[in-house]
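J.: My structure file protein.cif, mmCIF, C-alpha atoms and all ligand atoms, is below:
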```
data_model
loop_
_atom_site.label_atom_id
_atom_site.label_comp_id
_atom_site.auth_asym_id
_atom_site.auth_seq_id
_atom_site.Cartn_x
_atom_site.Cartn_y
_atom_site.Cartn_z
CA MET F 1 2.64 -3.83 -2.00
CA PHE F 2 1.91 -1.02 0.48
CA ASP F 3 3.90 2.06 -0.52
CA LEU F 4 3.14 5.03 1.71
CA ASP F 5 5.10 7.48 -0.38
CA ARG F 6 3.10 6.62 -3.51
CA LEU F 7 -0.18 6.87 -1.61
CA VAL F 8 0.38 10.42 -0.31
CA ARG F 9 -0.90 13.36 -2.37
CA ASP F 10 1.89 15.15 -4.26
CA ASN F 11 1.15 18.54 -2.69
CA VAL F 12 1.36 17.02 0.82
CA ARG F 13 4.62 15.26 0.03
CA ARG F 14 6.10 18.52 -1.29
CA LEU F 15 4.67 20.72 1.47
CA LYS F 16 7.02 22.65 3.69
CA PRO F 17 4.98 22.83 6.91
CA TYR F 18 4.41 25.98 8.97
CA SER F 19 7.11 26.35 11.56
CA SER F 20 5.70 27.80 14.77
CA ALA F 21 7.65 29.74 17.38
CA ARG F 22 7.21 26.86 19.83
CA SER F 23 8.46 24.27 17.38
CA GLU F 24 11.50 26.35 16.40
CA PHE F 25 12.49 26.87 20.01
CA ALA F 26 11.29 24.20 22.43
CA GLY F 27 14.04 24.70 25.02
CA VAL F 28 14.08 26.41 28.40
CA ALA F 29 14.42 30.20 28.66
CA ASP F 30 13.46 33.04 30.99
CA ILE F 31 11.95 35.50 28.60
CA PHE F 32 9.85 34.53 25.61
CA LEU F 33 9.58 37.30 23.04
CA ASP F 34 9.24 35.04 20.02
CA ALA F 35 5.50 34.39 19.57
CA ASN F 36 3.80 37.80 19.86
CA GLU F 37 1.91 36.63 22.94
CA ASN F 38 0.78 39.09 25.62
CA SER F 39 3.67 38.96 28.11
CA PHE F 40 1.60 40.77 30.76
CA GLY F 41 -0.62 37.75 31.29
CA SER F 42 -4.19 36.68 30.66
CA PRO F 43 -7.42 37.82 32.32
CA ALA F 44 -8.26 34.09 32.41
CA GLY F 45 -5.06 33.29 34.35
CA ASN F 46 -3.45 29.83 34.20
CA GLY F 47 -0.76 30.84 31.72
CA PHE F 48 -3.38 31.08 28.99
CA ASN F 49 -1.44 33.97 27.44
CA ARG F 50 1.02 31.35 26.13
CA TYR F 51 0.49 29.11 23.09
CA PRO F 52 0.04 25.42 23.93
CA ASP F 53 2.61 22.69 23.23
CA PRO F 54 2.11 22.04 19.50
CA LEU F 55 3.22 18.41 19.91
CA GLN F 56 1.33 17.61 23.14
CA SER F 57 4.46 15.92 24.52
CA ASP F 58 3.17 15.31 28.08
CA LEU F 59 -0.02 13.75 26.85
CA LYS F 60 1.82 11.55 24.34
CA ARG F 61 4.16 10.32 27.05
CA LEU F 62 1.19 9.29 29.22
CA LEU F 63 -0.61 7.62 26.30
CA ALA F 64 2.56 5.82 25.17
CA ALA F 65 2.96 4.32 28.64
CA MET F 66 -0.72 3.39 28.81
CA HIS F 67 -0.72 1.59 25.45
CA GLU F 68 2.90 0.35 25.50
CA ILE F 69 3.81 2.04 22.23
CA GLY F 70 6.16 4.88 21.28
CA PRO F 71 5.13 8.55 21.47
CA GLU F 72 6.04 8.77 17.77
CA GLN F 73 3.15 6.36 17.07
CA ILE F 74 0.57 8.79 18.50
CA PHE F 75 -1.24 11.72 16.91
CA ILE F 76 -3.47 13.89 19.09
CA GLY F 77 -6.21 15.95 17.49
CA ASN F 78 -9.06 18.34 18.17
CA GLY F 79 -11.37 15.34 18.56
CA SER F 80 -10.90 12.20 16.48
CA ASP F 81 -12.97 14.06 13.89
CA GLU F 82 -9.84 16.10 13.17
CA ALA F 83 -7.87 12.90 12.50
CA ILE F 84 -10.57 11.72 10.06
CA ASP F 85 -10.31 15.00 8.15
CA LEU F 86 -6.50 15.05 8.10
CA LEU F 87 -6.31 11.46 6.80
CA MET F 88 -8.60 12.35 3.90
CA ARG F 89 -6.57 15.43 3.08
CA ILE F 90 -3.26 13.52 3.18
CA PHE F 91 -4.34 10.68 0.90
CA CYS F 92 -7.33 11.69 -1.24
CA VAL F 93 -7.08 13.98 -4.27
CA PRO F 94 -10.35 15.98 -4.40
CA GLY F 95 -12.56 15.07 -7.33
CA ARG F 96 -10.57 11.94 -8.04
CA ASP F 97 -9.93 9.64 -5.09
CA GLU F 98 -12.37 7.67 -2.96
CA ILE F 99 -12.92 6.30 0.49
CA LEU F 100 -14.88 3.15 1.28
CA ILE F 101 -17.34 2.92 4.17
CA CYS F 102 -19.69 0.20 5.37
CA PRO F 103 -23.11 1.60 6.27
CA PRO F 104 -24.82 1.83 8.61
CA THR F 105 -21.92 3.61 10.30
CA TYR F 106 -20.69 6.89 11.77
CA GLY F 107 -21.90 9.81 9.65
CA MET F 108 -18.74 11.91 9.79
CA TYR F 109 -16.79 9.76 7.30
CA SER F 110 -19.07 10.65 4.40
CA VAL F 111 -19.64 14.25 5.57
CA THR F 112 -15.88 14.85 5.79
CA ALA F 113 -15.45 13.22 2.38
CA GLY F 114 -18.15 15.52 0.99
CA ILE F 115 -16.40 18.60 2.38
CA ASN F 116 -13.15 17.47 0.78
CA ASP F 117 -14.81 16.53 -2.53
CA VAL F 118 -13.79 12.91 -2.05
CA ARG F 119 -16.07 10.21 -3.43
CA VAL F 120 -17.59 7.64 -1.12
CA ARG F 121 -18.00 3.99 -2.04
CA GLU F 122 -20.49 2.19 0.15
CA VAL F 123 -20.57 -1.53 0.86
CA SER F 124 -23.39 -2.36 3.22
CA LEU F 125 -22.74 -4.41 6.34
CA THR F 126 -24.36 -7.85 6.29
CA GLU F 127 -27.71 -8.56 7.98
CA THR F 128 -25.78 -9.37 11.17
CA PHE F 129 -23.94 -6.04 10.89
CA GLN F 130 -20.63 -7.70 9.97
CA LEU F 131 -18.16 -6.72 7.23
CA ASP F 132 -18.84 -8.24 3.82
CA VAL F 133 -15.18 -8.81 3.04
CA PRO F 134 -15.51 -10.19 -0.54
CA ALA F 135 -17.90 -7.34 -1.47
CA ILE F 136 -15.50 -4.77 0.01
CA GLN F 137 -12.55 -6.28 -1.83
CA SER F 138 -14.35 -6.23 -5.16
CA ALA F 139 -15.58 -2.65 -4.59
CA VAL F 140 -12.04 -1.34 -4.00
CA SER F 141 -10.64 0.48 -7.04
CA GLY F 142 -7.24 1.98 -7.79
CA ARG F 143 -8.63 5.25 -6.46
CA THR F 144 -9.75 3.86 -3.08
CA LYS F 145 -7.29 5.30 -0.60
CA LEU F 146 -8.97 4.72 2.74
CA ILE F 147 -11.31 2.09 4.17
CA PHE F 148 -13.13 3.19 7.33
CA ILE F 149 -14.19 0.48 9.77
CA CYS F 150 -15.98 1.39 12.97
CA SER F 151 -15.68 -1.23 15.72
CA PRO F 152 -17.65 -1.28 17.98
CA ASN F 153 -19.82 0.24 15.28
CA ASN F 154 -22.01 3.31 15.65
CA PRO F 155 -25.05 2.94 15.47
CA THR F 156 -25.26 -0.88 15.53
CA GLY F 157 -23.12 -1.37 18.66
CA ASN F 158 -21.35 -4.59 17.57
CA VAL F 159 -17.66 -5.41 17.21
CA MET F 160 -16.43 -6.41 13.74
CA SER F 161 -14.82 -9.83 13.38
CA ARG F 162 -11.12 -9.33 14.02
CA ARG F 163 -10.24 -11.86 11.36
CA SER F 164 -12.21 -9.88 8.74
CA VAL F 165 -10.48 -6.64 9.73
CA ILE F 166 -7.01 -8.21 9.57
CA ASN F 167 -7.90 -9.79 6.22
CA LEU F 168 -8.83 -6.34 4.83
CA ILE F 169 -5.66 -4.73 6.22
CA GLU F 170 -3.41 -7.43 4.75
CA ASN F 171 -5.00 -7.35 1.29
CA PHE F 172 -5.34 -3.62 0.67
CA ASP F 173 -2.72 -1.24 -0.74
CA GLY F 174 -4.33 1.77 0.94
CA ILE F 175 -4.95 2.69 4.56
CA VAL F 176 -7.44 0.91 6.83
CA VAL F 177 -8.78 3.20 9.56
CA VAL F 178 -10.33 1.36 12.51
CA ASP F 179 -12.42 3.74 14.60
CA GLU F 180 -12.46 2.53 18.21
CA ALA F 181 -14.44 5.38 19.79
CA TYR F 182 -16.35 2.78 21.87
CA ILE F 183 -13.49 0.36 22.60
CA ASP F 184 -13.72 0.89 26.37
CA PHE F 185 -17.18 -0.69 26.48
CA THR F 186 -16.19 -4.05 24.99
CA ASN F 187 -14.12 -6.95 26.28
CA GLU F 188 -12.61 -7.41 22.81
CA PRO F 189 -9.01 -6.19 22.53
CA SER F 190 -8.06 -2.98 20.72
CA MET F 191 -6.29 -3.10 17.35
CA ILE F 192 -3.56 -0.78 18.68
CA GLY F 193 -1.39 -3.86 19.24
CA GLU F 194 -1.44 -4.44 15.45
CA ILE F 195 0.00 -1.10 14.32
CA THR F 196 3.60 -2.25 14.62
CA VAL F 197 3.05 -5.19 12.24
CA HIS F 198 0.67 -3.40 9.85
CA PRO F 199 2.11 -0.20 8.30
CA ASN F 200 -1.26 0.63 6.66
CA LEU F 201 -3.35 0.55 9.86
CA VAL F 202 -4.60 3.64 11.70
CA VAL F 203 -6.57 3.18 14.94
CA LEU F 204 -8.73 6.05 16.19
CA GLN F 205 -9.75 6.54 19.81
CA THR F 206 -11.25 9.45 21.69
CA PHE F 207 -11.59 11.02 25.10
CA SER F 208 -15.21 11.94 24.21
CA LYS F 209 -17.03 8.75 25.22
CA ALA F 210 -15.89 6.52 28.13
CA TRP F 211 -13.45 9.19 29.37
CA GLY F 212 -16.23 11.74 29.65
CA MET F 213 -14.44 14.70 28.07
CA ALA F 214 -16.43 15.34 24.88
CA GLY F 215 -16.42 19.07 25.64
CA LEU F 216 -12.63 19.27 25.59
CA ARG F 217 -12.30 17.88 22.05
CA VAL F 218 -9.38 15.48 22.30
CA GLY F 219 -9.02 12.44 20.05
CA MET F 220 -6.16 10.20 19.03
CA ALA F 221 -4.81 8.33 16.05
CA PHE F 222 -2.39 5.45 16.60
CA ALA F 223 -0.24 4.39 13.66
CA ASN F 224 3.34 3.86 12.66
CA ALA F 225 5.59 6.91 12.77
CA PRO F 226 5.54 7.74 9.01
CA ILE F 227 1.74 8.19 9.04
CA VAL F 228 1.82 10.12 12.33
CA GLU F 229 4.50 12.39 10.82
CA LEU F 230 2.25 13.18 7.85
CA MET F 231 -0.67 14.02 10.13
CA THR F 232 1.55 16.26 12.23
CA LYS F 233 2.89 17.91 9.09
CA ILE F 234 -0.50 19.15 7.90
CA LYS F 235 -2.32 19.79 11.19
CA PRO F 236 -3.00 23.33 12.42
CA PRO F 237 0.07 24.08 14.59
CA TYR F 238 -1.77 24.55 17.88
CA ASN F 239 -4.66 22.13 17.35
CA VAL F 240 -5.19 21.11 20.99
CA SER F 241 -5.69 23.91 23.53
CA SER F 242 -3.60 24.10 26.70
CA ILE F 243 -6.68 23.68 28.90
CA ALA F 244 -7.61 20.50 27.03
CA GLN F 245 -4.06 19.10 27.26
CA ALA F 246 -3.83 19.81 30.98
CA ALA F 247 -7.31 18.51 31.83
CA VAL F 248 -6.83 15.27 29.90
CA ALA F 249 -3.39 14.68 31.44
CA ALA F 250 -4.90 15.16 34.91
CA ALA F 251 -7.86 12.90 34.09
CA MET F 252 -5.53 10.10 33.02
CA GLN F 253 -4.50 9.79 36.67
CA GLU F 254 -8.16 8.93 37.42
CA GLU F 255 -8.26 5.78 35.31
CA SER F 256 -9.81 3.73 38.13
CA LYS F 257 -12.79 6.09 38.33
CA ILE F 258 -13.36 5.65 34.59
CA GLY F 259 -13.14 1.90 35.07
CA GLU F 260 -15.90 2.03 37.69
CA TRP F 261 -18.13 4.06 35.39
CA ILE F 262 -17.53 1.68 32.50
CA ASN F 263 -18.51 -1.31 34.67
CA GLU F 264 -21.66 0.49 35.78
CA ILE F 265 -22.52 1.42 32.17
CA LYS F 266 -22.10 -2.23 31.10
CA LYS F 267 -24.36 -3.37 33.96
CA GLN F 268 -26.97 -0.76 33.06
CA ARG F 269 -26.70 -1.77 29.41
CA SER F 270 -27.69 -5.36 30.11
CA SER F 271 -30.50 -4.54 32.54
CA LEU F 272 -31.90 -1.91 30.17
CA ALA F 273 -31.74 -4.34 27.24
CA GLN F 274 -33.64 -6.89 29.30
CA ALA F 275 -36.27 -4.34 30.35
CA LEU F 276 -36.71 -3.20 26.74
CA GLU F 277 -37.18 -6.68 25.33
CA ALA F 278 -40.08 -7.29 27.73
CA TYR F 279 -42.24 -4.63 26.03
CA SER F 280 -44.63 -5.83 23.37
CA PHE F 281 -43.84 -2.76 21.23
CA VAL F 282 -40.11 -3.58 21.17
CA GLU F 283 -39.07 -5.95 18.40
CA MET F 284 -35.50 -6.27 19.61
CA ALA F 285 -32.63 -4.65 21.43
CA TYR F 286 -29.52 -5.53 19.45
CA PRO F 287 -26.55 -6.89 21.42
CA SER F 288 -24.21 -4.00 22.20
CA ASP F 289 -20.48 -3.64 22.90
CA ALA F 290 -20.87 0.15 23.17
CA ASN F 291 -22.48 2.65 25.56
CA PHE F 292 -25.77 2.65 23.67
CA LEU F 293 -28.45 0.25 22.51
CA LEU F 294 -29.90 0.07 19.02
CA VAL F 295 -33.54 -0.83 19.51
CA LYS F 296 -36.08 -1.87 16.88
CA PHE F 297 -39.64 -0.82 17.66
CA ALA F 298 -43.00 -1.60 16.06
CA ASP F 299 -43.45 2.17 15.68
CA ALA F 300 -40.19 4.04 16.36
CA ASP F 301 -41.69 7.42 15.56
CA ALA F 302 -44.46 7.05 18.15
CA VAL F 303 -41.95 6.00 20.82
CA TYR F 304 -39.62 8.86 19.88
CA ARG F 305 -42.42 11.42 20.25
CA HIS F 306 -43.63 9.88 23.51
CA LEU F 307 -40.13 10.02 25.03
CA LEU F 308 -39.69 13.59 23.88
CA ALA F 309 -42.93 14.53 25.63
CA SER F 310 -41.27 13.14 28.82
CA GLU F 311 -38.25 15.36 28.01
CA ILE F 312 -36.10 12.36 27.06
CA VAL F 313 -34.18 12.68 23.80
CA VAL F 314 -32.88 9.64 21.96
CA ARG F 315 -31.47 9.35 18.47
CA ASP F 316 -33.82 8.45 15.63
CA ARG F 317 -31.93 6.10 13.30
CA SER F 318 -35.01 4.81 11.46
CA ASN F 319 -33.92 6.36 8.16
CA VAL F 320 -30.50 4.71 8.25
CA ALA F 321 -29.69 1.60 6.15
CA LEU F 322 -30.54 -1.69 7.94
CA CYS F 323 -31.88 0.32 10.91
CA GLY F 324 -35.52 0.77 9.87
CA SER F 325 -37.78 1.49 12.89
CA CYS F 326 -34.72 1.83 15.14
CA LEU F 327 -33.85 4.30 17.86
CA ARG F 328 -30.37 4.57 19.35
CA ILE F 329 -30.49 5.00 23.11
CA THR F 330 -27.39 6.07 25.05
CA ILE F 331 -26.97 4.35 28.43
CA GLY F 332 -27.49 7.01 31.09
CA THR F 333 -27.13 7.02 34.87
CA PRO F 334 -29.29 4.51 36.80
CA ASP F 335 -31.66 7.38 37.59
CA GLU F 336 -31.93 8.45 33.94
CA ASN F 337 -32.45 4.87 32.77
CA GLU F 338 -35.18 4.41 35.36
CA LYS F 339 -36.97 7.52 34.07
CA LEU F 340 -36.67 6.11 30.56
CA VAL F 341 -38.28 2.84 31.69
CA ILE F 342 -41.06 4.70 33.54
CA SER F 343 -41.84 6.64 30.38
CA LEU F 344 -41.87 3.42 28.32
CA ASP F 345 -44.17 1.73 30.88
CA ASP F 346 -46.47 4.67 30.36
CA PHE F 347 -46.29 4.19 26.57
CA GLN F 348 -47.14 0.52 27.03
CA ARG F 349 -50.24 1.39 29.09
CA GLN F 350 -51.45 3.98 26.59
CA ASN F 351 -51.04 1.59 23.70
CA THR F 352 -52.57 -1.51 25.22
CA ILE F 353 -56.10 -1.94 24.04
CA THR F 354 -58.14 -3.23 26.94
CA THR F 355 -61.24 -5.17 26.03
C1 LIG F 401 -18.44 9.83 19.02
C2 LIG F 401 -17.62 9.24 17.94
C3 LIG F 401 -16.36 9.75 17.65
C4 LIG F 401 -15.82 10.85 18.47
O1 LIG F 401 -15.36 11.92 17.82
P1 LIG F 401 -14.63 13.08 18.63
O2 LIG F 401 -14.37 14.03 17.55
O3 LIG F 401 -13.38 12.46 19.21
O4 LIG F 401 -15.55 13.56 19.69
C5 LIG F 401 -15.61 9.14 16.66
N1 LIG F 401 -16.09 8.08 16.00
C6 LIG F 401 -17.29 7.55 16.28
C7 LIG F 401 -17.74 6.34 15.57
C8 LIG F 401 -18.10 8.14 17.23
O5 LIG F 401 -19.30 7.62 17.48
#
```
Once you've parsed the file, please lay out its structure as structure tokens.
Ligand SMILES: *Cc1c(COP(=O)(O)O)cnc(C)c1O

T.:
Amino acid sequence: MFDLDRLVRDNVRRLKPYSSARSEFAGVADIFLDANENSFGSPAGNGFNRYPDPLQSDLKRLLAAMHEIGPEQIFIGNGSDEAIDLLMRIFCVPGRDEILICPPTYGMYSVTAGINDVRVREVSLTETFQLDVPAIQSAVSGRTKLIFICSPNNPTGNVMSRRSVINLIENFDGIVVVDEAYIDFTNEPSMIGEITVHPNLVVLQTFSKAWGMAGLRVGMAFANAPIVELMTKIKPPYNVSSIAQAAVAAAMQEESKIGEWINEIKKQRSSLAQALEAYSFVEMAYPSDANFLLVKFADADAVYRHLLASEIVVRDRSNVALCGSCLRITIGTPDENEKLVISLDDFQRQNTITT
């Protein structure tokens, strides 16, 4: 049923990729005069005069050990946003093919599709923010190449039923992309363990959220080797800078520190949810498996403006499907969350009519 070769765009299949100096010669030598770098050095030091490893071998070795998979099952990109773009360009013919998304979800899937002139089919999540599997399956057409599933989902914060996701993967000829940007904040297991048995599954993760390195722009796609090879074939040769590769590799030695932060964020998430639900102007704080809370207010706009006046910025999601009157609030430090609560106490006082 699943035939990767048939799914790939003709031009990508035929493409002879750019061959960089560092991919043509990856051995050891004394003098490198093959890449037109500045051999004198760099004013920034740190060997920045040299191009980075185009295949991020050190980082892949560390990630392979961490996830108990092979380095050939890992793609590393300039943020997971790069992986989203590359997947569309590998599989979707502009002006003809489609992706399928389940709103409300991460905005970059449809923006990237728009940039690539790829049509977007939308099948709304259910009222409980779960996948509507029969509706998705009947919306899929012969031109649907990719289904994007975000779990835990942004902005709703919930994990999608694993059985539904597996059902979609097993009954779709195209690629299912499961975006796990927030996987570190849930106790549910990652889908990475499924890539070996499902050739049409791509799992995205990122160093931007729990790992605290959004500014470095490093994201990952986990899939079987043939898909990773295609992504590598069409990526810009030096897509991850040397400073980003080195900093992420060093940070991976600090996994225990990240673990402590994640535990603290989870604790803060539940106490903040509890505090929020006590306000009369809060309709509900949705259960969250991510590092944010989606909160429904009686008047989201008034709360948004009040918080802004206290110099606290949250994300207004009230115009998003199924998220009417909702704000998305990232879990901050205990101090930041306390300031948020103080500002909301203040809002409560101002809006309580005393008689
Ligand atoms: C934040 C986020 C990302 C991260 O993208 P990067 O490019 O890796 O920073 C990916 N997917 C979702 C759903 C996100 O919320």

J.: As a tab-separated table (two decimals) with C-alpha atoms, in the frame of the given file, please: the residues near Phe297 in chain F (cut-off 6 Å, only C-alpha atoms, same-chain neighbours under 3 positions excluded).

T.:
```
chain	number	residue	atom	x	y	z
F	281	PHE	CA	-43.84	-2.76	21.23
F	282	VAL	CA	-40.11	-3.58	21.17
F	283	GLU	CA	-39.07	-5.95	18.40
F	300	ALA	CA	-40.19	4.04	16.36
F	325	SER	CA	-37.78	1.49	12.89
```

J.: With all atoms listed in the file as the basis for distance, which of F:Phe91, F:Phe40, F:Phe292, F:Phe129 is at the shortest distance from ligand LIG 401 (chain F)?

T.: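 The answer is F:Phe292, which sits nearest to ligand LIG 401 (chain F).
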
J.: Could you produce a table of the residues of chain F lying within 6 Å of ligand LIG 401 (chain F), with the nearest pair of atoms per residue and their separation in Å rounded to one decimal, using all atoms listed in the file, ordered by chain and increasing residue number, as a Markdown table?

T.:
```
| residue | atom | partner | partner_atom | distance |
| --- | --- | --- | --- | --- |
| F:Gly79 | CA | F:LIG401 | O2 | 3.4 |
| F:Ser80 | CA | F:LIG401 | O3 | 3.7 |
| F:Asp81 | CA | F:LIG401 | O2 | 3.9 |
| F:Tyr106 | CA | F:LIG401 | C7 | 4.8 |
| F:Cys150 | CA | F:LIG401 | C7 | 5.9 |
| F:Asn154 | CA | F:LIG401 | C7 | 5.2 |
| F:Asp179 | CA | F:LIG401 | N1 | 5.9 |
| F:Ala181 | CA | F:LIG401 | N1 | 4.9 |
| F:Thr206 | CA | F:LIG401 | O3 | 4.4 |
| F:Ser208 | CA | F:LIG401 | O4 | 4.8 |
| F:Ala214 | CA | F:LIG401 | O4 | 5.6 |
| F:Arg217 | CA | F:LIG401 | O4 | 5.9 |
| F:Val218 | CA | F:LIG401 | O3 | 5.9 |
| F:Gly219 | CA | F:LIG401 | O3 | 4.4 |
```

J.: Set the distance at 9 Å and use only C-alpha atoms: which residues neighbour Gly324 in chain F once local chain neighbours fewer than 4 positions away are removed? I'd like the list as a count of residues only.

T.: 7

J.: For each of F:Gly41, F:Pro94, F:Gly157, F:Gly174, take the minimum atom-to-atom distance to Ser141 in chain F, counting only C-alpha atoms, then give the residue where this is smallest.

T.: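 Once distances to Ser141 in chain F are computed over only C-alpha atoms, the minimum belongs to F:Gly174.
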
J.: I need the residue nearest Asp289 in chain F from this list: F:Asp184, F:Glu311, F:Glu260, F:Glu122. Use all atoms listed in the file for the distance.

T.: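 Of the candidates, the smallest distance to Asp289 in chain F is held by F:Asp184.
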
J.: Would you mind completing range 291-299 of chain F so that it carries all heavy atoms, and writing it out as a PDB file, in the coordinates of the input?

T.:
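Result saved to part.pdb:
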```pdb
ATOM      1  N   ASN F 291     -21.732   2.044  24.461  1.00  0.00           N
ATOM      2  CA  ASN F 291     -22.480   2.650  25.560  1.00  0.00           C
ATOM      3  C   ASN F 291     -23.867   3.120  25.101  1.00  0.00           C
ATOM      4  O   ASN F 291     -24.370   4.144  25.556  1.00  0.00           O
ATOM      5  CB  ASN F 291     -21.704   3.826  26.179  1.00  0.00           C
ATOM      6  CG  ASN F 291     -21.536   4.970  25.214  1.00  0.00           C
ATOM      7  OD1 ASN F 291     -21.635   4.789  24.002  1.00  0.00           O
ATOM      8  ND2 ASN F 291     -21.286   6.163  25.733  1.00  0.00           N
ATOM      9  N   PHE F 292     -24.420   2.355  24.160  1.00  0.00           N
ATOM     10  CA  PHE F 292     -25.770   2.650  23.670  1.00  0.00           C
ATOM     11  C   PHE F 292     -26.407   1.353  23.217  1.00  0.00           C
ATOM     12  O   PHE F 292     -25.720   0.332  23.047  1.00  0.00           O
ATOM     13  CB  PHE F 292     -25.727   3.664  22.509  1.00  0.00           C
ATOM     14  CG  PHE F 292     -24.856   3.227  21.359  1.00  0.00           C
ATOM     15  CD1 PHE F 292     -25.314   2.320  20.406  1.00  0.00           C
ATOM     16  CD2 PHE F 292     -23.557   3.717  21.234  1.00  0.00           C
ATOM     17  CE1 PHE F 292     -24.503   1.905  19.362  1.00  0.00           C
ATOM     18  CE2 PHE F 292     -22.736   3.293  20.180  1.00  0.00           C
ATOM     19  CZ  PHE F 292     -23.210   2.398  19.257  1.00  0.00           C
ATOM     20  N   LEU F 293     -27.723   1.405  23.039  1.00  0.00           N
ATOM     21  CA  LEU F 293     -28.450   0.250  22.510  1.00  0.00           C
ATOM     22  C   LEU F 293     -29.157   0.689  21.239  1.00  0.00           C
ATOM     23  O   LEU F 293     -29.770   1.770  21.196  1.00  0.00           O
ATOM     24  CB  LEU F 293     -29.485  -0.241  23.514  1.00  0.00           C
ATOM     25  CG  LEU F 293     -28.956  -0.938  24.777  1.00  0.00           C
ATOM     26  CD1 LEU F 293     -30.082  -1.086  25.804  1.00  0.00           C
ATOM     27  CD2 LEU F 293     -28.341  -2.288  24.440  1.00  0.00           C
ATOM     28  N   LEU F 294     -29.078  -0.129  20.206  1.00  0.00           N
ATOM     29  CA  LEU F 294     -29.900   0.070  19.020  1.00  0.00           C
ATOM     30  C   LEU F 294     -31.148  -0.787  19.221  1.00  0.00           C
ATOM     31  O   LEU F 294     -31.033  -1.986  19.457  1.00  0.00           O
ATOM     32  CB  LEU F 294     -29.147  -0.345  17.759  1.00  0.00           C
ATOM     33  CG  LEU F 294     -29.892  -0.069  16.451  1.00  0.00           C
ATOM     34  CD1 LEU F 294     -29.914   1.430  16.140  1.00  0.00           C
ATOM     35  CD2 LEU F 294     -29.245  -0.824  15.281  1.00  0.00           C
ATOM     36  N   VAL F 295     -32.296  -0.129  19.163  1.00  0.00           N
ATOM     37  CA  VAL F 295     -33.540  -0.830  19.510  1.00  0.00           C
ATOM     38  C   VAL F 295     -34.545  -0.705  18.372  1.00  0.00           C
ATOM     39  O   VAL F 295     -34.809   0.407  17.889  1.00  0.00           O
ATOM     40  CB  VAL F 295     -34.151  -0.248  20.807  1.00  0.00           C
ATOM     41  CG1 VAL F 295     -35.347  -1.089  21.254  1.00  0.00           C
ATOM     42  CG2 VAL F 295     -33.112  -0.188  21.918  1.00  0.00           C
ATOM     43  N   LYS F 296     -35.085  -1.851  17.946  1.00  0.00           N
ATOM     44  CA  LYS F 296     -36.080  -1.870  16.880  1.00  0.00           C
ATOM     45  C   LYS F 296     -37.474  -1.893  17.503  1.00  0.00           C
ATOM     46  O   LYS F 296     -37.771  -2.753  18.339  1.00  0.00           O
ATOM     47  CB  LYS F 296     -35.882  -3.102  16.005  1.00  0.00           C
ATOM     48  CG  LYS F 296     -36.524  -2.997  14.621  1.00  0.00           C
ATOM     49  CD  LYS F 296     -36.296  -4.300  13.884  1.00  0.00           C
ATOM     50  CE  LYS F 296     -35.979  -4.214  12.409  1.00  0.00           C
ATOM     51  NZ  LYS F 296     -35.424  -3.035  11.844  1.00  0.00           N
ATOM     52  N   PHE F 297     -38.296  -0.938  17.113  1.00  0.00           N
ATOM     53  CA  PHE F 297     -39.640  -0.820  17.660  1.00  0.00           C
ATOM     54  C   PHE F 297     -40.683  -1.135  16.581  1.00  0.00           C
ATOM     55  O   PHE F 297     -40.391  -1.047  15.382  1.00  0.00           O
ATOM     56  CB  PHE F 297     -39.886   0.615  18.146  1.00  0.00           C
ATOM     57  CG  PHE F 297     -39.047   1.007  19.337  1.00  0.00           C
ATOM     58  CD1 PHE F 297     -37.816   1.628  19.164  1.00  0.00           C
ATOM     59  CD2 PHE F 297     -39.489   0.761  20.639  1.00  0.00           C
ATOM     60  CE1 PHE F 297     -37.036   1.991  20.259  1.00  0.00           C
ATOM     61  CE2 PHE F 297     -38.714   1.116  21.732  1.00  0.00           C
ATOM     62  CZ  PHE F 297     -37.486   1.739  21.543  1.00  0.00           C
ATOM     63  N   ALA F 298     -41.909  -1.435  17.016  1.00  0.00           N
ATOM     64  CA  ALA F 298     -43.000  -1.600  16.060  1.00  0.00           C
ATOM     65  C   ALA F 298     -43.273  -0.242  15.397  1.00  0.00           C
ATOM     66  O   ALA F 298     -43.495  -0.167  14.194  1.00  0.00           O
ATOM     67  CB  ALA F 298     -44.247  -2.124  16.766  1.00  0.00           C
ATOM     68  N   ASP F 299     -43.221   0.833  16.216  1.00  0.00           N
ATOM     69  CA  ASP F 299     -43.450   2.170  15.680  1.00  0.00           C
ATOM     70  C   ASP F 299     -42.457   3.141  16.353  1.00  0.00           C
ATOM     71  O   ASP F 299     -42.758   3.745  17.388  1.00  0.00           O
ATOM     72  CB  ASP F 299     -44.902   2.592  15.956  1.00  0.00           C
ATOM     73  CG  ASP F 299     -45.238   3.956  15.350  1.00  0.00           C
ATOM     74  OD1 ASP F 299     -44.298   4.674  14.927  1.00  0.00           O
ATOM     75  OD2 ASP F 299     -46.438   4.302  15.305  1.00  0.00           O
TER      76      ASP F 299
END
```
